[in-house]
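Enquirer: Handing over coords.cif, mmCIF, C-alpha atoms, pLDDT in the B column; chains and numbers go by the auth columns.
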```cif
data_model
#
loop_
_atom_site.group_PDB
_atom_site.id
_atom_site.type_symbol
_atom_site.label_atom_id
_atom_site.label_comp_id
_atom_site.label_asym_id
_atom_site.label_seq_id
_atom_site.Cartn_x
_atom_site.Cartn_y
_atom_site.Cartn_z
_atom_site.B_iso_or_equiv
_atom_site.auth_seq_id
_atom_site.auth_asym_id
ATOM 1 C CA MET A 1 147.508 10.558 -10.675 60.00 1 A
ATOM 2 C CA ASP A 2 146.593 11.874 -7.232 74.00 2 A
ATOM 3 C CA GLN A 3 148.504 15.084 -6.438 82.00 3 A
ATOM 4 C CA LYS A 4 147.958 14.761 -2.673 87.00 4 A
ATOM 5 C CA GLN A 5 149.169 11.159 -2.671 89.00 5 A
ATOM 6 C CA THR A 6 152.206 12.102 -4.736 90.00 6 A
ATOM 7 C CA GLY A 7 152.877 15.013 -2.377 91.00 7 A
ATOM 8 C CA LYS A 8 152.780 12.766 0.691 93.00 8 A
ATOM 9 C CA PHE A 9 155.093 10.314 -1.077 93.00 9 A
ATOM 10 C CA ILE A 10 157.608 13.079 -1.879 94.00 10 A
ATOM 11 C CA ALA A 11 157.567 14.184 1.776 94.00 11 A
ATOM 12 C CA GLU A 12 158.020 10.600 2.960 94.00 12 A
ATOM 13 C CA MET A 13 160.939 9.911 0.606 94.00 13 A
ATOM 14 C CA ARG A 14 162.538 13.263 1.460 94.00 14 A
ATOM 15 C CA ARG A 15 162.463 12.434 5.172 94.00 15 A
ATOM 16 C CA GLU A 16 163.868 8.958 4.507 94.00 16 A
ATOM 17 C CA ARG A 17 166.845 10.628 2.805 93.00 17 A
ATOM 18 C CA GLY A 18 167.260 12.920 5.835 94.00 18 A
ATOM 19 C CA LEU A 19 166.619 16.088 3.835 94.00 19 A
ATOM 20 C CA THR A 20 164.726 19.229 4.773 94.00 20 A
ATOM 21 C CA GLN A 21 162.571 20.976 2.189 93.00 21 A
ATOM 22 C CA LYS A 22 165.244 23.665 1.890 93.00 22 A
ATOM 23 C CA GLU A 23 168.027 21.113 1.313 94.00 23 A
ATOM 24 C CA LEU A 24 166.009 19.291 -1.351 94.00 24 A
ATOM 25 C CA ALA A 25 165.106 22.600 -2.993 91.00 25 A
ATOM 26 C CA ASP A 26 168.776 23.652 -3.094 92.00 26 A
ATOM 27 C CA LEU A 27 169.726 20.370 -4.778 92.00 27 A
ATOM 28 C CA LEU A 28 167.096 21.027 -7.472 90.00 28 A
ATOM 29 C CA HIS A 29 167.854 24.791 -7.736 86.00 29 A
ATOM 30 C CA ILE A 30 164.282 25.770 -6.855 86.00 30 A
ATOM 31 C CA SER A 31 162.626 27.429 -3.851 86.00 31 A
ATOM 32 C CA ASP A 32 161.631 25.538 -0.696 88.00 32 A
ATOM 33 C CA LYS A 33 158.114 26.913 -1.212 87.00 33 A
ATOM 34 C CA THR A 34 157.929 24.920 -4.436 87.00 34 A
ATOM 35 C CA VAL A 35 158.781 21.725 -2.554 92.00 35 A
ATOM 36 C CA SER A 36 156.169 22.664 0.048 90.00 36 A
ATOM 37 C CA LYS A 37 153.617 23.158 -2.719 87.00 37 A
ATOM 38 C CA TRP A 38 154.272 19.650 -4.063 90.00 38 A
ATOM 39 C CA GLU A 39 154.077 18.065 -0.615 92.00 39 A
ATOM 40 C CA CYS A 40 150.815 19.874 0.182 90.00 40 A
ATOM 41 C CA GLY A 41 149.265 18.475 -3.013 85.00 41 A
ATOM 42 C CA GLY A 42 149.135 21.874 -4.711 79.00 42 A
ATOM 43 C CA GLY A 43 150.738 20.657 -7.932 78.00 43 A
ATOM 44 C CA LEU A 44 153.025 18.114 -9.529 80.00 44 A
ATOM 45 C CA PRO A 45 156.695 18.698 -10.355 84.00 45 A
ATOM 46 C CA GLU A 46 157.138 19.848 -13.923 78.00 46 A
ATOM 47 C CA VAL A 47 158.498 17.320 -16.393 75.00 47 A
ATOM 48 C CA SER A 48 162.013 18.796 -16.487 76.00 48 A
ATOM 49 C CA LEU A 49 162.328 18.407 -12.695 84.00 49 A
ATOM 50 C CA MET A 50 160.919 14.902 -12.364 85.00 50 A
ATOM 51 C CA LEU A 51 164.108 12.974 -13.164 86.00 51 A
ATOM 52 C CA PRO A 52 166.408 15.142 -10.972 89.00 52 A
ATOM 53 C CA LEU A 53 163.864 14.889 -8.131 93.00 53 A
ATOM 54 C CA CYS A 54 163.672 11.116 -8.468 91.00 54 A
ATOM 55 C CA ASN A 55 167.464 10.844 -8.486 91.00 55 A
ATOM 56 C CA GLU A 56 167.670 12.789 -5.219 93.00 56 A
ATOM 57 C CA LEU A 57 164.889 10.734 -3.595 94.00 57 A
ATOM 58 C CA GLY A 58 166.092 7.368 -4.895 91.00 58 A
ATOM 59 C CA ILE A 59 162.853 6.504 -6.672 90.00 59 A
ATOM 60 C CA THR A 60 161.681 6.070 -10.271 85.00 60 A
ATOM 61 C CA VAL A 61 159.525 8.530 -12.215 83.00 61 A
ATOM 62 C CA ASN A 62 156.798 5.892 -12.361 81.00 62 A
ATOM 63 C CA GLU A 63 156.823 5.617 -8.562 85.00 63 A
ATOM 64 C CA LEU A 64 156.749 9.402 -8.245 87.00 64 A
ATOM 65 C CA LEU A 65 153.681 9.699 -10.469 82.00 65 A
ATOM 66 C CA SER A 66 152.019 6.748 -8.737 84.00 66 A
ATOM 67 C CA GLY A 67 152.686 8.203 -5.297 86.00 67 A
ATOM 68 C CA LYS A 68 154.037 4.955 -3.830 86.00 68 A
ATOM 69 C CA ARG A 69 156.704 2.291 -4.075 84.00 69 A
ATOM 70 C CA LEU A 70 155.812 -0.222 -6.792 78.00 70 A
ATOM 71 C CA GLN A 71 156.205 -3.950 -6.856 73.00 71 A
ATOM 72 C CA THR A 72 157.221 -5.712 -10.075 62.00 72 A
ATOM 73 C CA GLY A 73 153.645 -6.707 -10.953 59.00 73 A
ATOM 74 C CA GLU A 74 152.300 -3.161 -10.521 58.00 74 A
ATOM 75 C CA TYR A 75 155.003 -1.420 -12.500 54.00 75 A
ATOM 76 C CA GLN A 76 153.735 -1.932 -16.063 57.00 76 A
ATOM 77 C CA LYS A 77 150.117 -1.136 -15.226 55.00 77 A
ATOM 78 C CA ASN A 78 150.995 2.088 -13.421 61.00 78 A
ATOM 79 C CA ALA A 79 153.438 3.097 -16.150 62.00 79 A
ATOM 80 C CA GLU A 80 150.688 2.884 -18.770 56.00 80 A
ATOM 81 C CA GLU A 81 148.209 4.852 -16.645 61.00 81 A
ATOM 82 C CA ASN A 82 150.764 7.572 -15.917 60.00 82 A
ATOM 83 C CA MET A 83 151.712 7.802 -19.590 63.00 83 A
ATOM 84 C CA VAL A 84 148.068 8.309 -20.579 59.00 84 A
ATOM 85 C CA HIS A 85 147.670 11.027 -17.946 63.00 85 A
ATOM 86 C CA LEU A 86 150.770 12.900 -19.125 61.00 86 A
ATOM 87 C CA MET A 87 149.584 12.698 -22.736 61.00 87 A
ATOM 88 C CA LYS A 88 146.231 14.200 -21.731 63.00 88 A
ATOM 89 C CA GLU A 89 147.980 17.060 -19.937 62.00 89 A
ATOM 90 C CA LYS A 90 150.138 17.720 -22.999 62.00 90 A
ATOM 91 C CA SER A 91 147.066 17.721 -25.246 64.00 91 A
ATOM 92 C CA ALA A 92 145.318 20.175 -22.910 63.00 92 A
ATOM 93 C CA PHE A 93 148.311 22.528 -23.107 63.00 93 A
ATOM 94 C CA ARG A 94 148.302 22.379 -26.912 68.00 94 A
ATOM 95 C CA LEU A 95 144.557 23.135 -26.990 72.00 95 A
ATOM 96 C CA LYS A 96 145.005 26.181 -24.758 71.00 96 A
ATOM 97 C CA TYR A 97 147.840 27.396 -26.954 71.00 97 A
ATOM 98 C CA LEU A 98 145.831 26.866 -30.159 76.00 98 A
ATOM 99 C CA LEU A 99 142.907 28.834 -28.700 78.00 99 A
ATOM 100 C CA GLU A 100 145.242 31.724 -27.944 75.00 100 A
ATOM 101 C CA MET A 101 146.638 31.630 -31.477 77.00 101 A
ATOM 102 C CA LEU A 102 143.092 31.533 -32.899 84.00 102 A
ATOM 103 C CA VAL A 103 142.123 34.694 -31.017 82.00 103 A
ATOM 104 C CA PHE A 104 145.347 36.340 -32.203 82.00 104 A
ATOM 105 C CA PHE A 105 144.781 35.521 -35.881 86.00 105 A
ATOM 106 C CA ILE A 106 141.113 36.555 -35.819 89.00 106 A
ATOM 107 C CA THR A 107 142.121 39.883 -34.282 90.00 107 A
ATOM 108 C CA ILE A 108 144.864 40.503 -36.848 90.00 108 A
ATOM 109 C CA ILE A 109 142.614 39.560 -39.789 92.00 109 A
ATOM 110 C CA ALA A 110 139.828 41.849 -38.552 91.00 110 A
ATOM 111 C CA PHE A 111 142.257 44.729 -37.974 91.00 111 A
ATOM 112 C CA VAL A 112 143.956 44.393 -41.368 92.00 112 A
ATOM 113 C CA SER A 113 140.614 44.060 -43.162 92.00 113 A
ATOM 114 C CA LEU A 114 139.234 47.224 -41.551 91.00 114 A
ATOM 115 C CA CYS A 115 142.437 49.131 -42.327 92.00 115 A
ATOM 116 C CA ALA A 116 142.264 47.975 -45.962 92.00 116 A
ATOM 117 C CA VAL A 117 138.664 49.182 -46.226 92.00 117 A
ATOM 118 C CA VAL A 118 139.622 52.546 -44.746 89.00 118 A
ATOM 119 C CA ALA A 119 142.583 52.903 -47.107 90.00 119 A
ATOM 120 C CA TYR A 120 141.096 51.724 -50.407 90.00 120 A
ATOM 121 C CA VAL A 121 137.315 52.182 -50.315 90.00 121 A
ATOM 122 C CA ASP A 122 135.863 55.550 -51.211 89.00 122 A
ATOM 123 C CA MET A 123 133.669 56.777 -48.352 90.00 123 A
ATOM 124 C CA PRO A 124 132.811 59.938 -46.425 92.00 124 A
ATOM 125 C CA THR A 125 135.448 61.165 -44.003 91.00 125 A
ATOM 126 C CA PRO A 126 133.297 60.607 -40.862 91.00 126 A
ATOM 127 C CA THR A 127 132.726 57.000 -41.906 92.00 127 A
ATOM 128 C CA ARG A 128 136.441 56.529 -42.559 91.00 128 A
ATOM 129 C CA ILE A 129 137.259 57.906 -39.107 93.00 129 A
ATOM 130 C CA ALA A 130 134.635 55.687 -37.485 94.00 130 A
ATOM 131 C CA LEU A 131 136.003 52.549 -39.182 92.00 131 A
ATOM 132 C CA LEU A 132 139.542 53.470 -38.183 92.00 132 A
ATOM 133 C CA ALA A 133 138.369 53.865 -34.591 94.00 133 A
ATOM 134 C CA VAL A 134 136.723 50.438 -34.781 93.00 134 A
ATOM 135 C CA ALA A 135 139.956 48.922 -36.137 92.00 135 A
ATOM 136 C CA ILE A 136 141.933 50.403 -33.239 93.00 136 A
ATOM 137 C CA LEU A 137 139.298 49.159 -30.793 93.00 137 A
ATOM 138 C CA VAL A 138 139.433 45.650 -32.269 90.00 138 A
ATOM 139 C CA ILE A 139 143.223 45.378 -32.013 90.00 139 A
ATOM 140 C CA SER A 140 143.142 46.838 -28.483 89.00 140 A
ATOM 141 C CA ILE A 141 140.528 44.332 -27.331 89.00 141 A
ATOM 142 C CA GLY A 142 142.399 41.472 -29.010 85.00 142 A
ATOM 143 C CA VAL A 143 145.691 42.373 -27.318 81.00 143 A
ATOM 144 C CA THR A 144 143.968 42.819 -23.950 83.00 144 A
ATOM 145 C CA VAL A 145 142.169 39.471 -24.201 82.00 145 A
ATOM 146 C CA GLY A 146 145.424 37.792 -25.272 79.00 146 A
ATOM 147 C CA ILE A 147 147.329 39.194 -22.293 78.00 147 A
ATOM 148 C CA ILE A 148 144.589 38.248 -19.821 79.00 148 A
ATOM 149 C CA TRP A 149 144.350 34.734 -21.269 77.00 149 A
ATOM 150 C CA GLU A 150 148.107 34.187 -21.293 75.00 150 A
ATOM 151 C CA ARG A 151 148.581 35.497 -17.731 76.00 151 A
ATOM 152 C CA THR A 152 145.692 33.327 -16.501 75.00 152 A
ATOM 153 C CA VAL A 153 146.589 30.069 -18.242 75.00 153 A
ATOM 154 C CA PHE A 154 150.344 30.161 -18.879 81.00 154 A
ATOM 155 C CA ALA A 155 153.562 30.903 -17.043 83.00 155 A
ATOM 156 C CA PHE A 156 157.127 31.344 -18.299 87.00 156 A
ATOM 157 C CA GLU A 157 160.232 29.337 -17.411 84.00 157 A
ATOM 158 C CA CYS A 158 163.529 31.177 -17.011 87.00 158 A
ATOM 159 C CA SER A 159 166.166 29.410 -19.115 85.00 159 A
ATOM 160 C CA HIS A 160 168.838 30.420 -16.591 83.00 160 A
ATOM 161 C CA CYS A 161 167.465 29.329 -13.179 83.00 161 A
ATOM 162 C CA LYS A 162 164.333 27.362 -14.271 78.00 162 A
ATOM 163 C CA ASN A 163 162.099 29.577 -12.112 81.00 163 A
ATOM 164 C CA HIS A 164 158.464 29.919 -13.208 81.00 164 A
ATOM 165 C CA PHE A 165 156.731 33.277 -13.138 86.00 165 A
ATOM 166 C CA VAL A 166 153.950 35.358 -14.652 84.00 166 A
ATOM 167 C CA PRO A 167 155.289 38.607 -16.167 85.00 167 A
ATOM 168 C CA THR A 168 153.670 41.963 -15.547 84.00 168 A
ATOM 169 C CA VAL A 169 151.469 43.487 -18.233 81.00 169 A
ATOM 170 C CA GLY A 170 154.230 45.973 -19.003 82.00 170 A
ATOM 171 C CA ALA A 171 156.719 43.144 -19.554 82.00 171 A
ATOM 172 C CA TYR A 172 154.288 41.448 -21.941 78.00 172 A
ATOM 173 C CA LEU A 173 153.933 44.585 -24.002 77.00 173 A
ATOM 174 C CA SER A 174 157.623 45.543 -24.065 81.00 174 A
ATOM 175 C CA GLY A 175 159.282 42.133 -24.364 79.00 175 A
ATOM 176 C CA MET A 176 160.269 40.696 -27.728 85.00 176 A
ATOM 177 C CA HIS A 177 158.695 37.334 -28.408 79.00 177 A
ATOM 178 C CA THR A 178 158.480 34.353 -30.719 81.00 178 A
ATOM 179 C CA TRP A 179 155.651 31.816 -30.911 72.00 179 A
ATOM 180 C CA ARG A 180 156.632 30.000 -27.710 79.00 180 A
ATOM 181 C CA LYS A 181 159.196 32.262 -26.021 87.00 181 A
ATOM 182 C CA ARG A 182 159.353 35.805 -24.692 87.00 182 A
ATOM 183 C CA TYR A 183 162.380 37.930 -23.791 90.00 183 A
ATOM 184 C CA LEU A 184 161.813 38.678 -20.097 91.00 184 A
ATOM 185 C CA THR A 185 163.620 39.457 -16.874 91.00 185 A
ATOM 186 C CA CYS A 186 163.318 36.652 -14.326 89.00 186 A
ATOM 187 C CA PRO A 187 162.160 38.063 -10.949 87.00 187 A
ATOM 188 C CA LYS A 188 164.249 35.461 -9.105 84.00 188 A
ATOM 189 C CA CYS A 189 167.714 35.599 -10.689 87.00 189 A
ATOM 190 C CA ARG A 190 167.181 38.997 -12.407 89.00 190 A
ATOM 191 C CA THR A 191 168.597 37.576 -15.652 89.00 191 A
ATOM 192 C CA ARG A 192 167.029 38.807 -18.891 90.00 192 A
ATOM 193 C CA ASN A 193 166.684 35.881 -21.283 91.00 193 A
ATOM 194 C CA TRP A 194 164.367 34.013 -23.641 91.00 194 A
ATOM 195 C CA CYS A 195 161.803 32.386 -21.356 90.00 195 A
ATOM 196 C CA LYS A 196 159.755 29.397 -22.483 87.00 196 A
ATOM 197 C CA LEU A 197 155.968 29.345 -22.345 84.00 197 A
ATOM 198 C CA CYS A 198 154.582 26.581 -20.120 80.00 198 A
ATOM 199 C CA ASP A 199 151.286 25.493 -18.599 72.00 199 A
ATOM 200 C CA LYS A 200 150.357 27.315 -15.419 66.00 200 A
ATOM 201 C CA LEU A 201 149.303 23.952 -13.927 55.00 201 A
ATOM 202 C CA ASP A 202 153.049 23.485 -13.412 50.00 202 A
ATOM 203 C CA PHE A 203 153.443 27.033 -12.126 48.00 203 A
ATOM 204 C CA ASN A 204 156.125 27.046 -9.424 41.00 204 A
ATOM 205 C CA ASN A 205 156.180 30.736 -8.544 38.00 205 A
ATOM 206 C CA THR A 206 156.877 31.474 -4.886 37.00 206 A
ATOM 207 C CA GLU A 207 154.002 33.912 -4.503 38.00 207 A
ATOM 208 C CA ASN A 208 150.771 32.827 -2.805 35.00 208 A
ATOM 209 C CA GLU A 209 152.088 29.368 -2.016 34.00 209 A
ATOM 210 C CA GLU A 210 151.752 27.373 1.179 34.00 210 A
ATOM 211 C CA LYS A 211 154.139 28.163 3.998 36.00 211 A
ATOM 212 C CA PRO A 212 157.002 25.618 4.066 36.00 212 A
ATOM 213 C CA GLN A 213 156.607 22.909 6.638 38.00 213 A
ATOM 214 C CA GLU A 214 159.492 20.644 7.657 38.00 214 A
#
```
Once more with this new file: its structure as structure tokens, please.

Expert:
Amino acid sequence: MDQKQTGKFIAEMRRERGLTQKELADLLHISDKTVSKWECGGGLPEVSLMLPLCNELGITVNELLSGKRLQTGEYQKNAEENMVHLMKEKSAFRLKYLLEMLVFFITIIAFVSLCAVVAYVDMPTPTRIALLAVAILVISIGVTVGIIWERTVFAFECSHCKNHFVPTVGAYLSGMHTWRKRYLTCPKCRTRNWCKLCDKLDFNNTENEEKPQE
């Protein structure tokens, strides 16, 4: 899939429907900067927005991903290619997530092991203090690396307004979380809710995006 071609196609279909970027964005409950980002080739619509977008533009998801209107003979071929591409993107997301979990488990195992040695092995007090300091350093480095990795690779989706954002470091540290969700305050709607982890390739935050062009 060519993001720039898809972006041009979205812009073309939007104009055919007589919609501005702002009007299309309002129909999808997103920002006009997100629509501008798509049309400038800066990213593809996330999966949850593809069907609503296609409904508003009067096209199919296969045509959206192909970046053009499809004839009957092209439809099956393009559908298969687009399916393969989406599967690769999903696999890449899983790999990134598994790498993060691997770093987390290695850090926890190292920290617990060092604490167990400090607690149960007979040793001089200076050595015990040194090992405890190492354990604290290990967990600190692990948490820091995890935060940097997650803020670089992933974003979070607000379950209320579907906005995507990267939380501050303070929000990461203070927010309750499960394996794939974190309890955060959305900077757009200001609602505090369980936000879903998602790939930053689909990041639709309004910061540092292209200026909307009608």

Enquirer: Please return the centre and edge lengths, in Å to one decimal, of a box with edges along x, y and z that contains all listed atoms of range 12-19 of chain A, widened by 6 Å on every side, as lines of an AutoDock Vina configuration file.

Expert:
```
center_x = 162.6
center_y = 12.5
center_z = 3.2
size_x = 21.2
size_y = 19.1
size_z = 17.2
```

Enquirer: Nearest to Glu157 in chain A among A:Ala135, A:Ile108, A:Cys189, A:Leu197, with distances taken over all atoms listed in the file: which residue is it?

Expert: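 Using all atoms listed in the file, Glu157 in chain A sits closest to A:Leu197.
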
Enquirer: So how far away is CA of Val47 in chain A from CA of Arg69 in chain A, in Å?

Expert: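 About the pair CA of Arg69 in chain A and CA of Val47 in chain A: they are 19.5 Å apart.
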
Enquirer: Figure out the distance between CA of Cys195 in chain A and CA of Met176 in chain A, please, to one decimal in Å.

Expert: 10.6 Å

Enquirer: Return the single residue from A:Cys186, A:Pro124, A:Val103, A:Asp26 that is closest to Ala171 in chain A, with distances computed using only C-alpha atoms.

Expert: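 Among A:Cys186, A:Pro124, A:Val103, A:Asp26, it is A:Cys186 that comes nearest to Ala171 in chain A.
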
Enquirer: Tell me, in Å to one decimal, how far CA of Ile30 in chain A is from CA of Cys161 in chain A.

Expert: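 Computing it gives 7.9 Å between the two atoms.
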
Enquirer: Enumerate, as a list in words, the residues matched when the PyMOL selection byres ((chain A and resi 109-115) around 7) is run on the file above.

Expert: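 Answer for the PyMOL selection byres ((chain A and resi 109-115) around 7): Phe105, Ile106, Thr107, Ile108, Ala116, Val117, Val118, Ala119, Leu131, Leu132, Ala135, Val138 and Ile139 of chain A.
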
Enquirer: Between A:Leu28, A:Val143, A:Leu102, A:Val153, which has the minimum distance to Leu57 in chain A (counting all atoms listed in the file)?

Expert: A:Leu28

Enquirer: Any chance you could work out the residue set of the PyMOL selection byres ((chain A and resi 4) around 9) here, as a list in words?

Expert: Asp2, Gln3, Gln5, Thr6, Gly7, Lys8, Phe9, Trp38, Glu39, Cys40, Gly41, Gly42, Gly43 and Gly67 of chain A

Enquirer: Which of these, A:Phe165, A:Leu19, A:Asp122, A:Leu173, has the shortest distance to Asp32 in chain A once you count only C-alpha atoms?

Expert: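 Comparing A:Phe165, A:Leu19, A:Asp122, A:Leu173 against Asp32 in chain A, the winner is A:Leu19.
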
Enquirer: Restricting the calculation to all atoms listed in the file: of A:Lys33, A:Arg17, A:His164, A:Lys96, which residue gets closest to Thr185 in chain A?

Expert: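 Distance minimum relative to Thr185 in chain A lands on A:His164.
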
Enquirer: Once N, CA and C atoms are restored for range 179-203 of chain A, what would the output be as a compact mmCIF listing (two decimals), in the coordinates of the input?

Expert:
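Below is the file that was written, result29.txt:
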```
# COMPACT_ATOMS: atom_id res chain seq x y z
N TRP A 179 156.89 32.54 -31.14
CA TRP A 179 155.65 31.82 -30.91
C TRP A 179 155.57 31.24 -29.51
N ARG A 180 156.68 30.70 -29.00
CA ARG A 180 156.63 30.00 -27.71
C ARG A 180 157.60 30.57 -26.67
N LYS A 181 158.26 31.67 -26.96
CA LYS A 181 159.20 32.26 -26.02
C LYS A 181 159.02 33.78 -25.98
N ARG A 182 159.42 34.36 -24.84
CA ARG A 182 159.35 35.80 -24.69
C ARG A 182 160.61 36.27 -23.94
N TYR A 183 161.15 37.40 -24.38
CA TYR A 183 162.38 37.93 -23.79
C TYR A 183 162.02 38.72 -22.54
N LEU A 184 162.28 38.12 -21.36
CA LEU A 184 161.81 38.68 -20.10
C LEU A 184 162.92 38.68 -19.05
N THR A 185 162.71 39.45 -18.01
CA THR A 185 163.62 39.46 -16.87
C THR A 185 163.04 38.58 -15.77
N CYS A 186 163.78 37.56 -15.37
CA CYS A 186 163.32 36.65 -14.33
C CYS A 186 163.31 37.38 -12.98
N PRO A 187 162.21 37.37 -12.24
CA PRO A 187 162.16 38.06 -10.95
C PRO A 187 163.02 37.41 -9.87
N LYS A 188 163.45 36.16 -10.11
CA LYS A 188 164.25 35.46 -9.10
C LYS A 188 165.74 35.72 -9.28
N CYS A 189 166.27 35.44 -10.47
CA CYS A 189 167.71 35.60 -10.69
C CYS A 189 168.06 36.93 -11.37
N ARG A 190 167.01 37.68 -11.77
CA ARG A 190 167.18 39.00 -12.41
C ARG A 190 167.91 38.92 -13.74
N THR A 191 167.97 37.75 -14.35
CA THR A 191 168.60 37.58 -15.65
C THR A 191 167.57 37.80 -16.74
N ARG A 192 167.92 38.58 -17.75
CA ARG A 192 167.03 38.81 -18.89
C ARG A 192 167.37 37.79 -19.97
N ASN A 193 166.41 36.95 -20.33
CA ASN A 193 166.68 35.88 -21.28
C ASN A 193 165.39 35.46 -21.97
N TRP A 194 165.53 34.54 -22.93
CA TRP A 194 164.37 34.01 -23.64
C TRP A 194 163.71 32.96 -22.76
N CYS A 195 162.52 33.28 -22.27
CA CYS A 195 161.80 32.39 -21.36
C CYS A 195 160.75 31.59 -22.12
N LYS A 196 160.65 30.31 -21.77
CA LYS A 196 159.76 29.40 -22.48
C LYS A 196 158.35 29.40 -21.89
N LEU A 197 157.36 29.42 -22.77
CA LEU A 197 155.97 29.34 -22.34
C LEU A 197 155.67 27.95 -21.80
N CYS A 198 154.96 27.88 -20.68
CA CYS A 198 154.58 26.58 -20.12
C CYS A 198 153.21 26.69 -19.45
N ASP A 199 152.62 25.54 -19.19
CA ASP A 199 151.29 25.49 -18.60
C ASP A 199 151.34 25.97 -17.16
N LYS A 200 150.36 26.79 -16.78
CA LYS A 200 150.36 27.32 -15.42
C LYS A 200 150.00 26.25 -14.39
N LEU A 201 149.53 25.07 -14.84
CA LEU A 201 149.30 23.95 -13.93
C LEU A 201 150.61 23.54 -13.27
N ASP A 202 151.73 23.81 -13.96
CA ASP A 202 153.05 23.48 -13.41
C ASP A 202 153.72 24.72 -12.82
N PHE A 203 152.91 25.75 -12.56
CA PHE A 203 153.44 27.03 -12.13
C PHE A 203 154.09 26.90 -10.76
```
